[in-house]
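Text of input_22.cif (mmCIF, C-alpha atoms and all ligand atoms) as supplied:
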data_data
#
loop_
_atom_site.group_PDB
_atom_site.id
_atom_site.type_symbol
_atom_site.label_atom_id
_atom_site.label_comp_id
_atom_site.auth_asym_id
_atom_site.auth_seq_id
_atom_site.Cartn_x
_atom_site.Cartn_y
_atom_site.Cartn_z
ATOM 1 C CA MET R 1 -68.535 -56.642 18.458
ATOM 2 C CA GLU R 2 -65.350 -54.707 18.917
ATOM 3 C CA GLU R 3 -65.509 -51.302 20.514
ATOM 4 C CA THR R 4 -65.079 -48.391 18.131
ATOM 5 C CA ARG R 5 -64.202 -44.746 18.475
ATOM 6 C CA ARG R 6 -64.255 -41.737 16.249
ATOM 7 C CA CYS R 7 -60.915 -40.369 15.129
ATOM 8 C CA THR R 8 -60.503 -36.724 16.052
ATOM 9 C CA ARG R 9 -58.711 -36.058 12.777
ATOM 10 C CA CYS R 10 -60.433 -37.925 9.991
ATOM 11 C CA ALA R 11 -63.679 -38.353 11.971
ATOM 12 C CA ALA R 12 -63.932 -41.955 10.821
ATOM 13 C CA GLU R 13 -65.425 -44.507 13.155
ATOM 14 C CA LYS R 14 -62.780 -47.188 13.625
ATOM 15 C CA PRO R 15 -62.204 -50.165 15.897
ATOM 16 C CA LEU R 16 -60.102 -49.414 18.959
ATOM 17 C CA SER R 17 -57.336 -51.569 17.523
ATOM 18 C CA ALA R 18 -56.854 -48.908 14.833
ATOM 19 C CA PHE R 19 -55.772 -46.429 17.497
ATOM 20 C CA TYR R 20 -52.330 -46.478 19.013
ATOM 21 C CA LYS R 21 -52.112 -47.170 22.674
ATOM 22 C CA ASP R 22 -51.139 -44.230 24.826
ATOM 23 C CA ARG R 23 -50.615 -44.809 28.509
ATOM 24 C CA THR R 24 -50.919 -41.105 29.216
ATOM 25 C CA ALA R 25 -54.328 -40.847 27.553
ATOM 26 C CA ARG R 26 -57.369 -41.059 29.777
ATOM 27 C CA ASP R 27 -58.758 -44.112 28.032
ATOM 28 C CA GLY R 28 -55.420 -45.584 27.039
ATOM 29 C CA ARG R 29 -55.690 -44.796 23.338
ATOM 30 C CA ARG R 30 -54.623 -41.897 21.203
ATOM 31 C CA PRO R 31 -57.462 -39.646 20.058
ATOM 32 C CA SER R 32 -56.520 -39.973 16.396
ATOM 33 C CA CYS R 33 -56.289 -43.233 14.491
ATOM 34 C CA ALA R 34 -53.025 -44.895 13.571
ATOM 35 C CA GLU R 35 -53.373 -43.846 9.980
ATOM 36 C CA CYS R 36 -53.809 -40.186 10.884
ATOM 37 C CA HIS R 37 -51.055 -40.448 13.423
ATOM 38 C CA ARG R 38 -48.675 -41.803 10.819
ATOM 39 C CA SER R 39 -49.507 -39.160 8.248
ATOM 40 C CA ALA R 40 -49.280 -36.430 10.862
ATOM 41 C CA ASN R 41 -45.926 -37.802 11.937
ATOM 42 C CA ALA R 42 -44.673 -37.941 8.365
ATOM 43 C CA ALA R 43 -45.829 -34.400 7.709
ATOM 44 C CA CYS R 44 -44.267 -33.221 10.928
ATOM 45 C CA TYR R 45 -41.053 -35.036 10.145
ATOM 46 C CA ALA R 46 -40.865 -33.536 6.655
ATOM 47 C CA ARG R 47 -41.630 -30.094 8.011
ATOM 48 C CA HIS R 48 -38.924 -30.357 10.627
ATOM 49 C CA GLN R 49 -36.457 -31.996 8.291
ATOM 50 C CA ALA R 50 -36.389 -28.822 6.240
ATOM 51 C CA LYS R 51 -35.903 -26.803 9.389
ATOM 52 C CA ARG R 52 -33.196 -29.140 10.610
ATOM 53 C CA ASN R 53 -31.264 -28.797 7.390
ATOM 54 C CA GLN R 54 -31.606 -25.057 7.519
ATOM 55 C CA TYR R 55 -30.605 -25.007 11.160
ATOM 56 C CA ASP R 56 -27.480 -27.127 10.614
ATOM 57 C CA ARG R 57 -26.397 -25.001 7.711
ATOM 58 C CA GLY R 58 -26.896 -21.814 9.683
ATOM 59 C CA ARG R 59 -25.249 -23.265 12.735
ATOM 60 C CA SER R 60 -21.898 -24.034 11.130
ATOM 61 C CA GLU R 61 -21.697 -20.429 10.009
ATOM 62 C CA GLN R 62 -22.761 -19.195 13.402
ATOM 63 C CA ARG R 63 -20.103 -21.292 15.085
ATOM 64 C CA ARG R 64 -17.421 -19.923 12.823
ATOM 65 C CA ASP R 65 -18.462 -16.379 13.594
ATOM 66 C CA TYR R 66 -18.644 -17.133 17.269
ATOM 67 C CA GLN R 67 -15.163 -18.651 17.411
ATOM 68 C CA ARG R 68 -13.713 -15.850 15.356
ATOM 69 C CA GLY R 69 -15.171 -13.277 17.744
ATOM 70 C CA TYR R 70 -14.156 -15.093 20.880
ATOM 71 C CA ARG R 71 -11.210 -13.793 22.862
ATOM 72 C CA TRP R 72 -9.669 -14.995 26.055
ATOM 73 C CA PRO R 73 -9.824 -12.324 28.711
ATOM 74 C CA ASP R 74 -6.873 -9.973 28.550
ATOM 75 C CA PRO R 75 -4.468 -11.457 31.138
ATOM 76 C CA VAL R 76 -3.287 -8.058 32.351
ATOM 77 C CA LYS R 77 -6.746 -6.625 32.751
ATOM 78 C CA TRP R 78 -7.869 -9.871 34.331
ATOM 79 C CA SER R 79 -5.201 -9.907 37.050
ATOM 80 C CA THR R 80 -5.659 -6.243 37.961
ATOM 81 C CA ALA R 81 -9.412 -6.775 38.121
ATOM 82 C CA ASN R 82 -8.890 -9.711 40.449
ATOM 83 C CA GLU R 83 -6.392 -7.842 42.569
ATOM 84 C CA SER R 84 -8.688 -4.934 43.261
ATOM 85 C CA ARG R 85 -11.508 -7.351 43.923
ATOM 86 C CA SER R 86 -9.477 -9.381 46.418
ATOM 87 C CA LEU R 87 -8.611 -6.187 48.305
ATOM 88 C CA VAL R 88 -12.279 -5.354 48.572
ATOM 89 C CA ASP R 89 -13.163 -8.916 49.465
ATOM 90 C CA THR R 90 -10.662 -9.176 52.316
ATOM 91 C CA GLY R 91 -11.378 -5.653 53.558
ATOM 92 C CA GLY R 92 -13.954 -6.896 56.052
ATOM 93 C CA SER R 93 -12.344 -10.218 56.827
ATOM 94 C CA VAL R 94 -9.975 -11.096 59.675
ATOM 95 C CA ALA R 95 -7.002 -11.296 57.344
ATOM 96 C CA GLY R 96 -7.922 -7.916 55.903
ATOM 97 C CA ARG R 97 -8.088 -6.262 59.322
ATOM 98 C CA ARG R 98 -4.572 -7.326 60.152
ATOM 99 C CA LEU R 99 -3.521 -5.379 57.078
ATOM 100 C CA ILE R 100 -1.146 -8.093 55.910
ATOM 101 C CA PRO R 101 -0.522 -7.799 52.207
ATOM 102 C CA GLN R 102 -1.669 -10.896 50.397
ATOM 103 C CA ARG R 103 1.500 -11.065 48.357
HETATM 104 ZN ZN ZN U 201 -58.003 -40.846 11.525
#
Show how you would write the structure in this file as structure tokens.
Amino acid sequence: MEETRRCTRCAAEKPLSAFYKDRTARDGRRPSCAECHRSANAACYARHQAKRNQYDRGRSEQRRDYQRGYRWPDPVKWSTANESRSLVDTGGSVAGRRLIPQR
């Protein structure tokens, strides 16, 4: 007689062969039967499909907004910011102590 187990979802007693194998499970089988697993998967897929569609739609708009709002750093501000930083950075270094201008 084949070994049976009770499905944790539909609570039906089914032969072990009705449960998917799962190497990570303690006894090597999923706790719910294949039938429940399939329906749960389908439900999950449908649920997420709606979310995926919503997400993709929202994302293209988000991207557009993001790209519109994006600016390269102002080159003038950027160089002056770097200049003052390099003075501070070399202040304690050997090159800085010799007081040789970097440029
Ligand atoms: Zn089941």
List every residue of chain R that has an atom at most 12 Å from any atom of ligand ZN 201 (chain U), giving for each one its closest atom pair and the distance in Å to one decimal, counting all atoms listed in the file, sorted by chain and then by ascending residue number, as CSV.
residue,atom,partner,partner_atom,distance
R:Arg5,CA,U:ZN201,ZN,10.1
R:Arg6,CA,U:ZN201,ZN,7.9
R:Cys7,CA,U:ZN201,ZN,4.7
R:Thr8,CA,U:ZN201,ZN,6.6
R:Arg9,CA,U:ZN201,ZN,5.0
R:Cys10,CA,U:ZN201,ZN,4.1
R:Ala11,CA,U:ZN201,ZN,6.2
R:Ala12,CA,U:ZN201,ZN,6.1
R:Glu13,CA,U:ZN201,ZN,8.4
R:Lys14,CA,U:ZN201,ZN,8.2
R:Pro15,CA,U:ZN201,ZN,11.1
R:Leu16,CA,U:ZN201,ZN,11.5
R:Ala18,CA,U:ZN201,ZN,8.8
R:Phe19,CA,U:ZN201,ZN,8.5
R:Tyr20,CA,U:ZN201,ZN,11.0
R:Arg30,CA,U:ZN201,ZN,10.3
R:Pro31,CA,U:ZN201,ZN,8.6
R:Ser32,CA,U:ZN201,ZN,5.2
R:Cys33,CA,U:ZN201,ZN,4.2
R:Ala34,CA,U:ZN201,ZN,6.7
R:Glu35,CA,U:ZN201,ZN,5.7
R:Cys36,CA,U:ZN201,ZN,4.3
R:His37,CA,U:ZN201,ZN,7.2
R:Arg38,CA,U:ZN201,ZN,9.4
R:Ser39,CA,U:ZN201,ZN,9.3
R:Ala40,CA,U:ZN201,ZN,9.8
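For the pair CA of Glu3 in chain R and CA of Asp22 in chain R, the separation is 16.6 Å.
Taking only C-alpha atoms into account, Glu2 in chain R lies nearest to R:Ser17 out of the set R:Ser17, R:Arg52, R:Ala25, R:Arg47.
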Each side padded by 4 Å, which centre and which edge lengths in Å (one decimal) define the axis-aligned box around the listed atoms of range 58-73 of chain R? Give them as JSON.
{"center_x": -18.3, "center_y": -18.2, "center_z": 19.2, "size_x": 25.2, "size_y": 19.7, "size_z": 27.0}
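CA of His48 in chain R lies 25.0 Å from CA of Asp65 in chain R.
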